[in-house]
Amino acid sequence: MAAPLTLVLVLAVTVRAVLFRSSLAELISERVEVVSPLSAWKRVVEGLALLDLGVSPYSGDVFHETPLIIYLFHFVVDYAEIVFMVTDGITAVALYLAVQNYNRNVFRKQKYALEANRYPPDCLELMRSPKEMFYIPLKVATFYLLNPFTILSCVAKSTCGLNNAVIALFILSTIKGSALLSAIFLALATYQSVYPLTLFAPALLFLLQRLYIPVNPCRSSFWLFTLQYGFMFVGSLLVIICLSFFLLGSWDFIPSVYGFILSVPDLTPNIGLFWYFFAEMFEHFRFFFICVFQINVFFYTIPLSIKLKEHPVFLIFMQIAIISIFKSYPTVGDIALYMAFLPAWSHLYRFLRNIFLVSCVLLACSALFPVLWHLWIYAGSANSNFYYAITLLFNVGQILLVSDYFYAYLRREHHLTQGLYLRRKDGSEATLVLK
């Protein structure tokens, strides 16, 4: 599989290199769907200019990335294009290896279950074959590298690509079973954008499952490992934050980065749900609704962790999707990360209900974003309501997509225990309804 992956990497680098040298690069870097006030390259360049002048990059209201990002580009700013292309390559290879290891574990568990006759006889058609699973890692890497959203994000030099790389390395470390590396990369991802904190629960569940420690609060082994992993995570996060303080010489980055993410003061239009709502919000209601919107990202972690405690990798996929939909400053690069996992769930296609409709909605919205932006900003024949309407529809499409996969996953698991063709007591065919 090394040769096909190398071919995909070469093709992806070629496409990006051509676009970097084209006149489209500047246009793409200005698109509000591709960059946000957090991830825009122009803001990084502004921060670097202030740093070179001996001024704190956080003294104004322009730069809101973390200190490690600005000090990274302080040394490699002349090779920024290469850095972003390499970052995408690292993300794709990490996802490839993670899915490859995950599929190997799934197939081994499936083999043991078949040998123990744990599946009903009519469920054999739901079993995953080695041939079917062999090409899935390559499909995942291809879906990420050749996704137009990923390409646009890379060409715009959005720092979202760096966040995706850290999360991909976190997923790889977790699936490999390295608790220390998993905690370090999770701390780095949380340091970058706060929201990956919700990935702590699925990572913990996977590592507990790998070590055969039951998820039982009454067991001392459960609490011991939870405290160990929590200590590694918190310790890594504190080390990274203290390193940022020593590099910068002040704590200015905390309100400028995390305060900016959580309070959402910049209402530049994007593909998220925050900007229009808070542009129309009365000031005395703002704090309450900020809390409601931000809690929304973290709220789903507990119920999903309870429901999917036996399936932590699918839980990681769900959490990444929720973050990309409900975070305060989303971009298309965030969406590309969770969409790369869709080939990993190809065995769920027979149970999906709305996949054609949702695909059409997402494609249509992606095409209409620049059209409605032009009508609003340049032609003056539309207003912000038009653009927010298509943004709202785009996010509804994403929610339907994720919920459809969630339904399909639960339905398949139900069939694996109860049988594929359900019957009533009188022998007639039954209909499955998941509530």
# chains A, B, ... in the order shown; residues from 1 in each chain; ligands from 1
$ closest_atom_pairs --of "region 31-121 of chain A" --to "region 142-149 of chain A" --cutoff "9 Å" --atoms "only C-alpha atoms" --output "Markdown table"
| residue | atom | partner | partner_atom | distance |
| --- | --- | --- | --- | --- |
| A:Val34 | CA | A:Phe149 | CA | 7.8 |
| A:Asp88 | CA | A:Leu145 | CA | 6.9 |
| A:Gly89 | CA | A:Leu145 | CA | 7.5 |
| A:Thr91 | CA | A:Tyr144 | CA | 8.3 |
| A:Ala92 | CA | A:Tyr144 | CA | 6.3 |
| A:Leu95 | CA | A:Tyr144 | CA | 8.8 |
$ residues_around --residues "Thr150 (chain A)" --least-positions-apart "2" --cutoff "12 Å" --atoms "only C-alpha atoms" --output "PDB file with N, CA and C atoms, in the first residue's frame"
ATOM      1  N   ALA A  12      -1.319  15.131  -4.578  1.00  0.00           N
ATOM      2  CA  ALA A  12      -1.811  16.191  -3.694  1.00  0.00           C
ATOM      3  C   ALA A  12      -0.836  17.362  -3.623  1.00  0.00           C
ATOM      4  N   VAL A  13       0.455  17.056  -3.516  1.00  0.00           N
ATOM      5  CA  VAL A  13       1.477  18.115  -3.469  1.00  0.00           C
ATOM      6  C   VAL A  13       1.505  18.878  -4.785  1.00  0.00           C
ATOM      7  N   VAL A  15      -0.982  19.356  -6.974  1.00  0.00           N
ATOM      8  CA  VAL A  15      -2.164  20.229  -7.062  1.00  0.00           C
ATOM      9  C   VAL A  15      -1.959  21.480  -6.213  1.00  0.00           C
ATOM     10  N   ARG A  16      -1.447  21.294  -4.996  1.00  0.00           N
ATOM     11  CA  ARG A  16      -1.234  22.434  -4.108  1.00  0.00           C
ATOM     12  C   ARG A  16      -0.164  23.377  -4.648  1.00  0.00           C
ATOM     13  N   GLU A  33     -15.006  31.466   3.996  1.00  0.00           N
ATOM     14  CA  GLU A  33     -15.293  30.055   4.252  1.00  0.00           C
ATOM     15  C   GLU A  33     -14.013  29.271   4.560  1.00  0.00           C
ATOM     16  N   VAL A  34     -12.884  29.801   4.106  1.00  0.00           N
ATOM     17  CA  VAL A  34     -11.616  29.067   4.189  1.00  0.00           C
ATOM     18  C   VAL A  34     -10.767  29.524   5.367  1.00  0.00           C
ATOM     19  N   VAL A  35     -10.815  30.802   5.678  1.00  0.00           N
ATOM     20  CA  VAL A  35     -10.034  31.341   6.807  1.00  0.00           C
ATOM     21  C   VAL A  35     -10.971  32.049   7.772  1.00  0.00           C
ATOM     22  N   PHE A  84       2.952  23.987   5.092  1.00  0.00           N
ATOM     23  CA  PHE A  84       1.536  23.627   5.027  1.00  0.00           C
ATOM     24  C   PHE A  84       1.313  22.364   4.189  1.00  0.00           C
ATOM     25  N   MET A  85       2.091  22.192   3.125  1.00  0.00           N
ATOM     26  CA  MET A  85       1.965  20.967   2.331  1.00  0.00           C
ATOM     27  C   MET A  85       2.444  19.753   3.123  1.00  0.00           C
ATOM     28  N   THR A  87       2.473  19.510   6.349  1.00  0.00           N
ATOM     29  CA  THR A  87       1.489  19.307   7.420  1.00  0.00           C
ATOM     30  C   THR A  87       0.318  18.461   6.933  1.00  0.00           C
ATOM     31  N   ASP A  88      -0.181  18.771   5.735  1.00  0.00           N
ATOM     32  CA  ASP A  88      -1.269  17.968   5.164  1.00  0.00           C
ATOM     33  C   ASP A  88      -0.823  16.525   4.933  1.00  0.00           C
ATOM     34  N   GLY A  89       0.418  16.359   4.487  1.00  0.00           N
ATOM     35  CA  GLY A  89       0.945  15.013   4.284  1.00  0.00           C
ATOM     36  C   GLY A  89       1.038  14.240   5.591  1.00  0.00           C
ATOM     37  N   THR A  91      -0.772  14.724   8.264  1.00  0.00           N
ATOM     38  CA  THR A  91      -2.146  14.415   8.679  1.00  0.00           C
ATOM     39  C   THR A  91      -2.662  13.182   7.948  1.00  0.00           C
ATOM     40  N   ALA A  92      -2.459  13.144   6.626  1.00  0.00           N
ATOM     41  CA  ALA A  92      -2.954  12.022   5.829  1.00  0.00           C
ATOM     42  C   ALA A  92      -2.280  10.711   6.224  1.00  0.00           C
ATOM     43  N   ALA A 141      -6.972   8.456   3.510  1.00  0.00           N
ATOM     44  CA  ALA A 141      -5.896   9.397   3.178  1.00  0.00           C
ATOM     45  C   ALA A 141      -6.227  10.188   1.914  1.00  0.00           C
ATOM     46  N   THR A 142      -6.798   9.506   0.914  1.00  0.00           N
ATOM     47  CA  THR A 142      -7.175  10.176  -0.333  1.00  0.00           C
ATOM     48  C   THR A 142      -8.290  11.171  -0.109  1.00  0.00           C
ATOM     49  N   PHE A 143      -9.281  10.782   0.687  1.00  0.00           N
ATOM     50  CA  PHE A 143     -10.390  11.684   1.002  1.00  0.00           C
ATOM     51  C   PHE A 143      -9.891  12.951   1.670  1.00  0.00           C
ATOM     52  N   TYR A 144      -8.840  12.824   2.476  1.00  0.00           N
ATOM     53  CA  TYR A 144      -8.317  14.024   3.135  1.00  0.00           C
ATOM     54  C   TYR A 144      -7.467  14.864   2.180  1.00  0.00           C
ATOM     55  N   LEU A 145      -6.534  14.224   1.492  1.00  0.00           N
ATOM     56  CA  LEU A 145      -5.585  14.972   0.665  1.00  0.00           C
ATOM     57  C   LEU A 145      -6.222  15.623  -0.547  1.00  0.00           C
ATOM     58  N   LEU A 146      -7.209  14.937  -1.161  1.00  0.00           N
ATOM     59  CA  LEU A 146      -7.810  15.450  -2.401  1.00  0.00           C
ATOM     60  C   LEU A 146      -9.178  16.078  -2.184  1.00  0.00           C
ATOM     61  N   ASN A 147      -9.564  16.226  -0.938  1.00  0.00           N
ATOM     62  CA  ASN A 147     -10.800  16.944  -0.636  1.00  0.00           C
ATOM     63  C   ASN A 147     -10.612  18.427  -0.994  1.00  0.00           C
ATOM     64  N   PRO A 148     -11.503  19.009  -1.789  1.00  0.00           N
ATOM     65  CA  PRO A 148     -11.358  20.436  -2.131  1.00  0.00           C
ATOM     66  C   PRO A 148     -11.264  21.338  -0.904  1.00  0.00           C
ATOM     67  N   LEU A 152      -8.169  23.878  -0.440  1.00  0.00           N
ATOM     68  CA  LEU A 152      -8.401  25.317  -0.269  1.00  0.00           C
ATOM     69  C   LEU A 152      -7.777  25.825   1.015  1.00  0.00           C
ATOM     70  N   SER A 153      -7.920  25.061   2.079  1.00  0.00           N
ATOM     71  CA  SER A 153      -7.360  25.455   3.381  1.00  0.00           C
ATOM     72  C   SER A 153      -5.840  25.537   3.320  1.00  0.00           C
ATOM     73  N   CYS A 154      -5.222  24.585   2.620  1.00  0.00           N
ATOM     74  CA  CYS A 154      -3.762  24.580   2.489  1.00  0.00           C
ATOM     75  C   CYS A 154      -3.281  25.753   1.646  1.00  0.00           C
ATOM     76  N   VAL A 155      -3.940  26.001   0.521  1.00  0.00           N
ATOM     77  CA  VAL A 155      -3.533  27.083  -0.377  1.00  0.00           C
ATOM     78  C   VAL A 155      -3.716  28.452   0.292  1.00  0.00           C
ATOM     79  N   ALA A 156      -4.731  28.564   1.153  1.00  0.00           N
ATOM     80  CA  ALA A 156      -4.948  29.807   1.897  1.00  0.00           C
ATOM     81  C   ALA A 156      -3.984  29.949   3.064  1.00  0.00           C
ATOM     82  N   LYS A 157      -3.197  28.891   3.322  1.00  0.00           N
ATOM     83  CA  LYS A 157      -2.254  28.849   4.453  1.00  0.00           C
ATOM     84  C   LYS A 157      -2.983  29.097   5.779  1.00  0.00           C
ATOM     85  N   SER A 158      -4.127  28.443   5.904  1.00  0.00           N
ATOM     86  CA  SER A 158      -4.893  28.516   7.147  1.00  0.00           C
ATOM     87  C   SER A 158      -4.233  27.643   8.201  1.00  0.00           C
ATOM     88  N   THR A 159      -4.077  28.178   9.408  1.00  0.00           N
ATOM     89  CA  THR A 159      -3.448  27.403  10.488  1.00  0.00           C
ATOM     90  C   THR A 159      -4.342  26.269  10.973  1.00  0.00           C
ATOM     91  N   CYS A 160      -5.543  26.182  10.443  1.00  0.00           N
ATOM     92  CA  CYS A 160      -6.424  25.051  10.732  1.00  0.00           C
ATOM     93  C   CYS A 160      -5.748  23.728  10.354  1.00  0.00           C
ATOM     94  N   GLY A 161      -4.929  23.748   9.299  1.00  0.00           N
ATOM     95  CA  GLY A 161      -4.222  22.546   8.874  1.00  0.00           C
ATOM     96  C   GLY A 161      -3.275  22.021   9.944  1.00  0.00           C
ATOM     97  N   LEU A 162      -2.668  22.933  10.704  1.00  0.00           N
ATOM     98  CA  LEU A 162      -1.781  22.518  11.791  1.00  0.00           C
ATOM     99  C   LEU A 162      -2.584  21.859  12.907  1.00  0.00           C
ATOM    100  N   ASN A 164      -5.388  20.246  12.529  1.00  0.00           N
ATOM    101  CA  ASN A 164      -5.786  18.926  12.031  1.00  0.00           C
ATOM    102  C   ASN A 164      -4.653  17.912  12.168  1.00  0.00           C
ATOM    103  N   ALA A 165      -3.423  18.358  11.914  1.00  0.00           N
ATOM    104  CA  ALA A 165      -2.273  17.454  12.027  1.00  0.00           C
ATOM    105  C   ALA A 165      -2.092  16.979  13.466  1.00  0.00           C
ATOM    106  N   THR A 331     -14.030  26.637   9.877  1.00  0.00           N
ATOM    107  CA  THR A 331     -13.680  26.812   8.466  1.00  0.00           C
ATOM    108  C   THR A 331     -13.873  25.463   7.758  1.00  0.00           C
ATOM    109  N   VAL A 332     -13.754  25.482   6.447  1.00  0.00           N
ATOM    110  CA  VAL A 332     -13.930  24.234   5.694  1.00  0.00           C
ATOM    111  C   VAL A 332     -12.831  23.222   6.018  1.00  0.00           C
ATOM    112  N   GLY A 333     -11.677  23.704   6.503  1.00  0.00           N
ATOM    113  CA  GLY A 333     -10.614  22.786   6.889  1.00  0.00           C
ATOM    114  C   GLY A 333     -11.010  21.899   8.063  1.00  0.00           C
ATOM    115  N   ASP A 334     -11.812  22.426   8.980  1.00  0.00           N
ATOM    116  CA  ASP A 334     -12.299  21.629  10.104  1.00  0.00           C
ATOM    117  C   ASP A 334     -13.216  20.508   9.613  1.00  0.00           C
ATOM    118  N   ILE A 335     -14.040  20.832   8.634  1.00  0.00           N
ATOM    119  CA  ILE A 335     -14.989  19.856   8.095  1.00  0.00           C
ATOM    120  C   ILE A 335     -14.241  18.738   7.374  1.00  0.00           C
ATOM    121  N   ALA A 336     -13.158  19.090   6.686  1.00  0.00           N
ATOM    122  CA  ALA A 336     -12.398  18.095   5.921  1.00  0.00           C
ATOM    123  C   ALA A 336     -11.859  16.984   6.808  1.00  0.00           C
ATOM    124  N   LEU A 337     -11.530  17.303   8.070  1.00  0.00           N
ATOM    125  CA  LEU A 337     -10.949  16.292   8.948  1.00  0.00           C
ATOM    126  C   LEU A 337     -11.943  15.180   9.261  1.00  0.00           C
ATOM    127  N   TYR A 338     -13.161  15.537   9.670  1.00  0.00           N
ATOM    128  CA  TYR A 338     -14.103  14.458   9.997  1.00  0.00           C
ATOM    129  C   TYR A 338     -14.658  13.787   8.749  1.00  0.00           C
ATOM    130  N   MET A 339     -14.734  14.512   7.634  1.00  0.00           N
ATOM    131  CA  MET A 339     -15.193  13.880   6.393  1.00  0.00           C
ATOM    132  C   MET A 339     -14.207  12.842   5.872  1.00  0.00           C
ATOM    133  N   ALA A 340     -12.938  12.977   6.245  1.00  0.00           N
ATOM    134  CA  ALA A 340     -11.947  11.983   5.830  1.00  0.00           C
ATOM    135  C   ALA A 340     -12.252  10.615   6.417  1.00  0.00           C
TER     136      ALA A 340
END
$ residues_around --residues "region 70-83 of chain A" --least-positions-apart "6" --cutoff "9 Å" --atoms "only C-alpha atoms" --output "compact mmCIF listing (two decimals) with N, CA, C and O atoms, in the first residue's frame"
# COMPACT_ATOMS: atom_id res chain seq x y z
N ARG A 16 -1.45 21.29 -5.00
CA ARG A 16 -1.23 22.43 -4.11
C ARG A 16 -0.16 23.38 -4.65
O ARG A 16 -0.31 24.61 -4.58
N ALA A 17 0.92 22.81 -5.17
CA ALA A 17 2.00 23.63 -5.70
C ALA A 17 1.53 24.47 -6.89
O ALA A 17 1.89 25.65 -7.02
N PHE A 20 -0.64 27.27 -5.53
CA PHE A 20 0.18 28.28 -4.84
C PHE A 20 0.79 29.25 -5.84
O PHE A 20 0.96 30.44 -5.53
N VAL A 44 -1.30 36.10 10.90
CA VAL A 44 -0.02 35.54 11.36
C VAL A 44 1.13 36.43 10.92
O VAL A 44 2.05 36.71 11.69
N VAL A 45 1.08 36.90 9.68
CA VAL A 45 2.13 37.79 9.15
C VAL A 45 2.17 39.09 9.95
O VAL A 45 3.25 39.60 10.28
N GLY A 47 1.25 39.42 13.08
CA GLY A 47 1.84 39.08 14.37
C GLY A 47 3.34 38.96 14.29
O GLY A 47 4.08 39.39 15.21
N LEU A 48 3.85 38.37 13.19
CA LEU A 48 5.30 38.24 13.01
C LEU A 48 5.96 39.61 12.86
O LEU A 48 7.06 39.83 13.38
N LEU A 51 6.25 41.08 16.28
CA LEU A 51 7.29 40.38 17.04
C LEU A 51 8.68 40.84 16.62
O LEU A 51 9.56 41.03 17.47
N ASP A 52 8.88 41.05 15.32
CA ASP A 52 10.18 41.52 14.82
C ASP A 52 10.50 42.92 15.30
O ASP A 52 11.68 43.29 15.44
N PRO A 57 2.85 40.48 19.95
CA PRO A 57 1.87 40.29 18.86
C PRO A 57 0.43 40.36 19.34
O PRO A 57 -0.48 40.51 18.53
N CYS A 154 -5.22 24.59 2.62
CA CYS A 154 -3.76 24.58 2.49
C CYS A 154 -3.28 25.75 1.65
O CYS A 154 -2.32 26.45 2.01
N VAL A 155 -3.94 26.00 0.52
CA VAL A 155 -3.53 27.08 -0.38
C VAL A 155 -3.72 28.45 0.29
O VAL A 155 -2.93 29.37 0.08
N LYS A 157 -3.20 28.89 3.32
CA LYS A 157 -2.25 28.85 4.45
C LYS A 157 -2.98 29.10 5.78
O LYS A 157 -2.52 29.83 6.65
N LEU A 247 8.46 31.96 26.35
CA LEU A 247 8.77 32.48 25.01
C LEU A 247 8.32 33.92 24.85
O LEU A 247 9.02 34.75 24.28
$ select_by_dssp --residues "region 107-138 of chain A" --states "alpha helix (DSSP H)" --output "list in words"
Phe107, Arg108, Lys109, Gln110, Lys111, Tyr112, Ala113, Leu114, Glu115, Pro130, Lys131, Glu132, Met133, Phe134, Ile136, Pro137 and Leu138 of chain A
$ write_last_selection --atoms "N, CA, C and O atoms" --output "tab-separated table (two decimals), in the first residue's frame"
chain	number	residue	atom	x	y	z
A	107	PHE	N	-11.08	-6.37	12.79
A	107	PHE	CA	-11.12	-7.69	12.14
A	107	PHE	C	-10.77	-8.81	13.12
A	107	PHE	O	-11.38	-9.88	13.10
A	108	ARG	N	-9.80	-8.55	14.00
A	108	ARG	CA	-9.43	-9.56	14.99
A	108	ARG	C	-10.60	-9.85	15.95
A	108	ARG	O	-10.90	-11.01	16.24
A	109	LYS	N	-11.27	-8.78	16.42
A	109	LYS	CA	-12.42	-8.97	17.31
A	109	LYS	C	-13.56	-9.69	16.59
A	109	LYS	O	-14.23	-10.55	17.16
A	110	GLN	N	-13.77	-9.34	15.32
A	110	GLN	CA	-14.82	-9.99	14.54
A	110	GLN	C	-14.52	-11.47	14.36
A	110	GLN	O	-15.42	-12.32	14.47
A	111	LYS	N	-13.25	-11.80	14.14
A	111	LYS	CA	-12.85	-13.20	13.95
A	111	LYS	C	-13.10	-14.00	15.23
A	111	LYS	O	-13.66	-15.11	15.19
A	112	TYR	N	-12.73	-13.44	16.38
A	112	TYR	CA	-12.95	-14.12	17.65
A	112	TYR	C	-14.44	-14.31	17.94
A	112	TYR	O	-14.87	-15.36	18.43
A	113	ALA	N	-15.23	-13.28	17.61
A	113	ALA	CA	-16.68	-13.36	17.85
A	113	ALA	C	-17.32	-14.43	16.96
A	113	ALA	O	-18.22	-15.15	17.40
A	114	LEU	N	-16.85	-14.54	15.72
A	114	LEU	CA	-17.38	-15.57	14.82
A	114	LEU	C	-17.01	-16.97	15.30
A	114	LEU	O	-17.84	-17.89	15.25
A	115	GLU	N	-15.79	-17.11	15.78
A	115	GLU	CA	-15.36	-18.41	16.29
A	115	GLU	C	-16.14	-18.82	17.54
A	115	GLU	O	-16.37	-20.01	17.78
A	130	PRO	N	-11.72	-9.00	4.72
A	130	PRO	CA	-10.37	-8.41	4.64
A	130	PRO	C	-10.16	-7.60	3.36
A	130	PRO	O	-9.50	-6.57	3.37
A	131	LYS	N	-10.72	-8.09	2.25
A	131	LYS	CA	-10.57	-7.37	0.98
A	131	LYS	C	-11.24	-6.00	1.04
A	131	LYS	O	-10.71	-5.01	0.54
A	132	GLU	N	-12.42	-5.97	1.65
A	132	GLU	CA	-13.15	-4.70	1.79
A	132	GLU	C	-12.38	-3.71	2.67
A	132	GLU	O	-12.33	-2.52	2.38
A	133	MET	N	-11.76	-4.22	3.74
A	133	MET	CA	-11.08	-3.36	4.70
A	133	MET	C	-9.68	-2.96	4.25
A	133	MET	O	-9.11	-1.99	4.77
A	134	PHE	N	-9.12	-3.69	3.27
A	134	PHE	CA	-7.73	-3.47	2.87
A	134	PHE	C	-7.50	-2.06	2.31
A	134	PHE	O	-6.48	-1.43	2.59
A	136	ILE	N	-9.45	0.65	2.75
A	136	ILE	CA	-10.06	1.74	3.50
A	136	ILE	C	-9.03	2.78	3.98
A	136	ILE	O	-9.27	3.99	3.84
A	137	PRO	N	-7.87	2.38	4.54
A	137	PRO	CA	-6.89	3.41	4.94
A	137	PRO	C	-6.46	4.31	3.80
A	137	PRO	O	-6.33	5.54	3.98
A	138	LEU	N	-6.26	3.72	2.61
A	138	LEU	CA	-5.88	4.53	1.44
A	138	LEU	C	-7.01	5.48	1.06
A	138	LEU	O	-6.76	6.66	0.70
$ residues_around --residues "region 206-214 of chain A" --least-positions-apart "3" --cutoff "8 Å" --atoms "only C-alpha atoms" --output "mmCIF file with C-alpha atoms, in the first residue's frame"
data_model
loop_
_atom_site.group_PDB
_atom_site.id
_atom_site.type_symbol
_atom_site.label_atom_id
_atom_site.label_comp_id
_atom_site.auth_asym_id
_atom_site.auth_seq_id
_atom_site.Cartn_x
_atom_site.Cartn_y
_atom_site.Cartn_z
ATOM 1 C CA THR A 174 -4.457 6.672 20.960
ATOM 2 C CA ILE A 175 -5.170 3.786 18.585
ATOM 3 C CA GLY A 177 -2.148 2.505 22.690
ATOM 4 C CA ALA A 179 -1.189 6.874 26.659
ATOM 5 C CA PRO A 202 -13.174 8.817 23.898
ATOM 6 C CA ALA A 203 -9.392 8.566 24.236
ATOM 7 C CA ARG A 219 -13.367 -0.494 40.275
ATOM 8 C CA SER A 221 -8.303 0.167 38.431
ATOM 9 C CA PHE A 222 -10.688 2.416 36.480
ATOM 10 C CA PHE A 225 -5.831 4.762 35.064
ATOM 11 C CA GLU A 310 -17.905 0.297 23.679
ATOM 12 C CA HIS A 311 -17.077 2.129 20.427
ATOM 13 C CA PRO A 312 -14.614 4.926 21.299
ATOM 14 C CA VAL A 313 -13.195 5.363 17.773
#
$ closest_residue --among "A:Leu227, A:Leu126, A:Ala98, A:Ala25" --to "Leu420 (chain A)" --atoms "only C-alpha atoms"
A:Leu126
$ residues_around --residues "Asp266 (chain A)" --least-positions-apart "3" --cutoff "8 Å" --atoms "only C-alpha atoms" --output "list in words"
Pro37, Phe260 and Trp275 of chain A
$ write_last_selection --atoms "C-alpha atoms" --output "PDB file, in the first residue's frame"
ATOM      1  CA  PRO A  37     -10.053  35.590  12.372  1.00  0.00           C
ATOM      2  CA  PHE A 260     -11.223  35.464  21.881  1.00  0.00           C
ATOM      3  CA  TRP A 275     -21.619  35.557  13.797  1.00  0.00           C
TER       4      TRP A 275
END
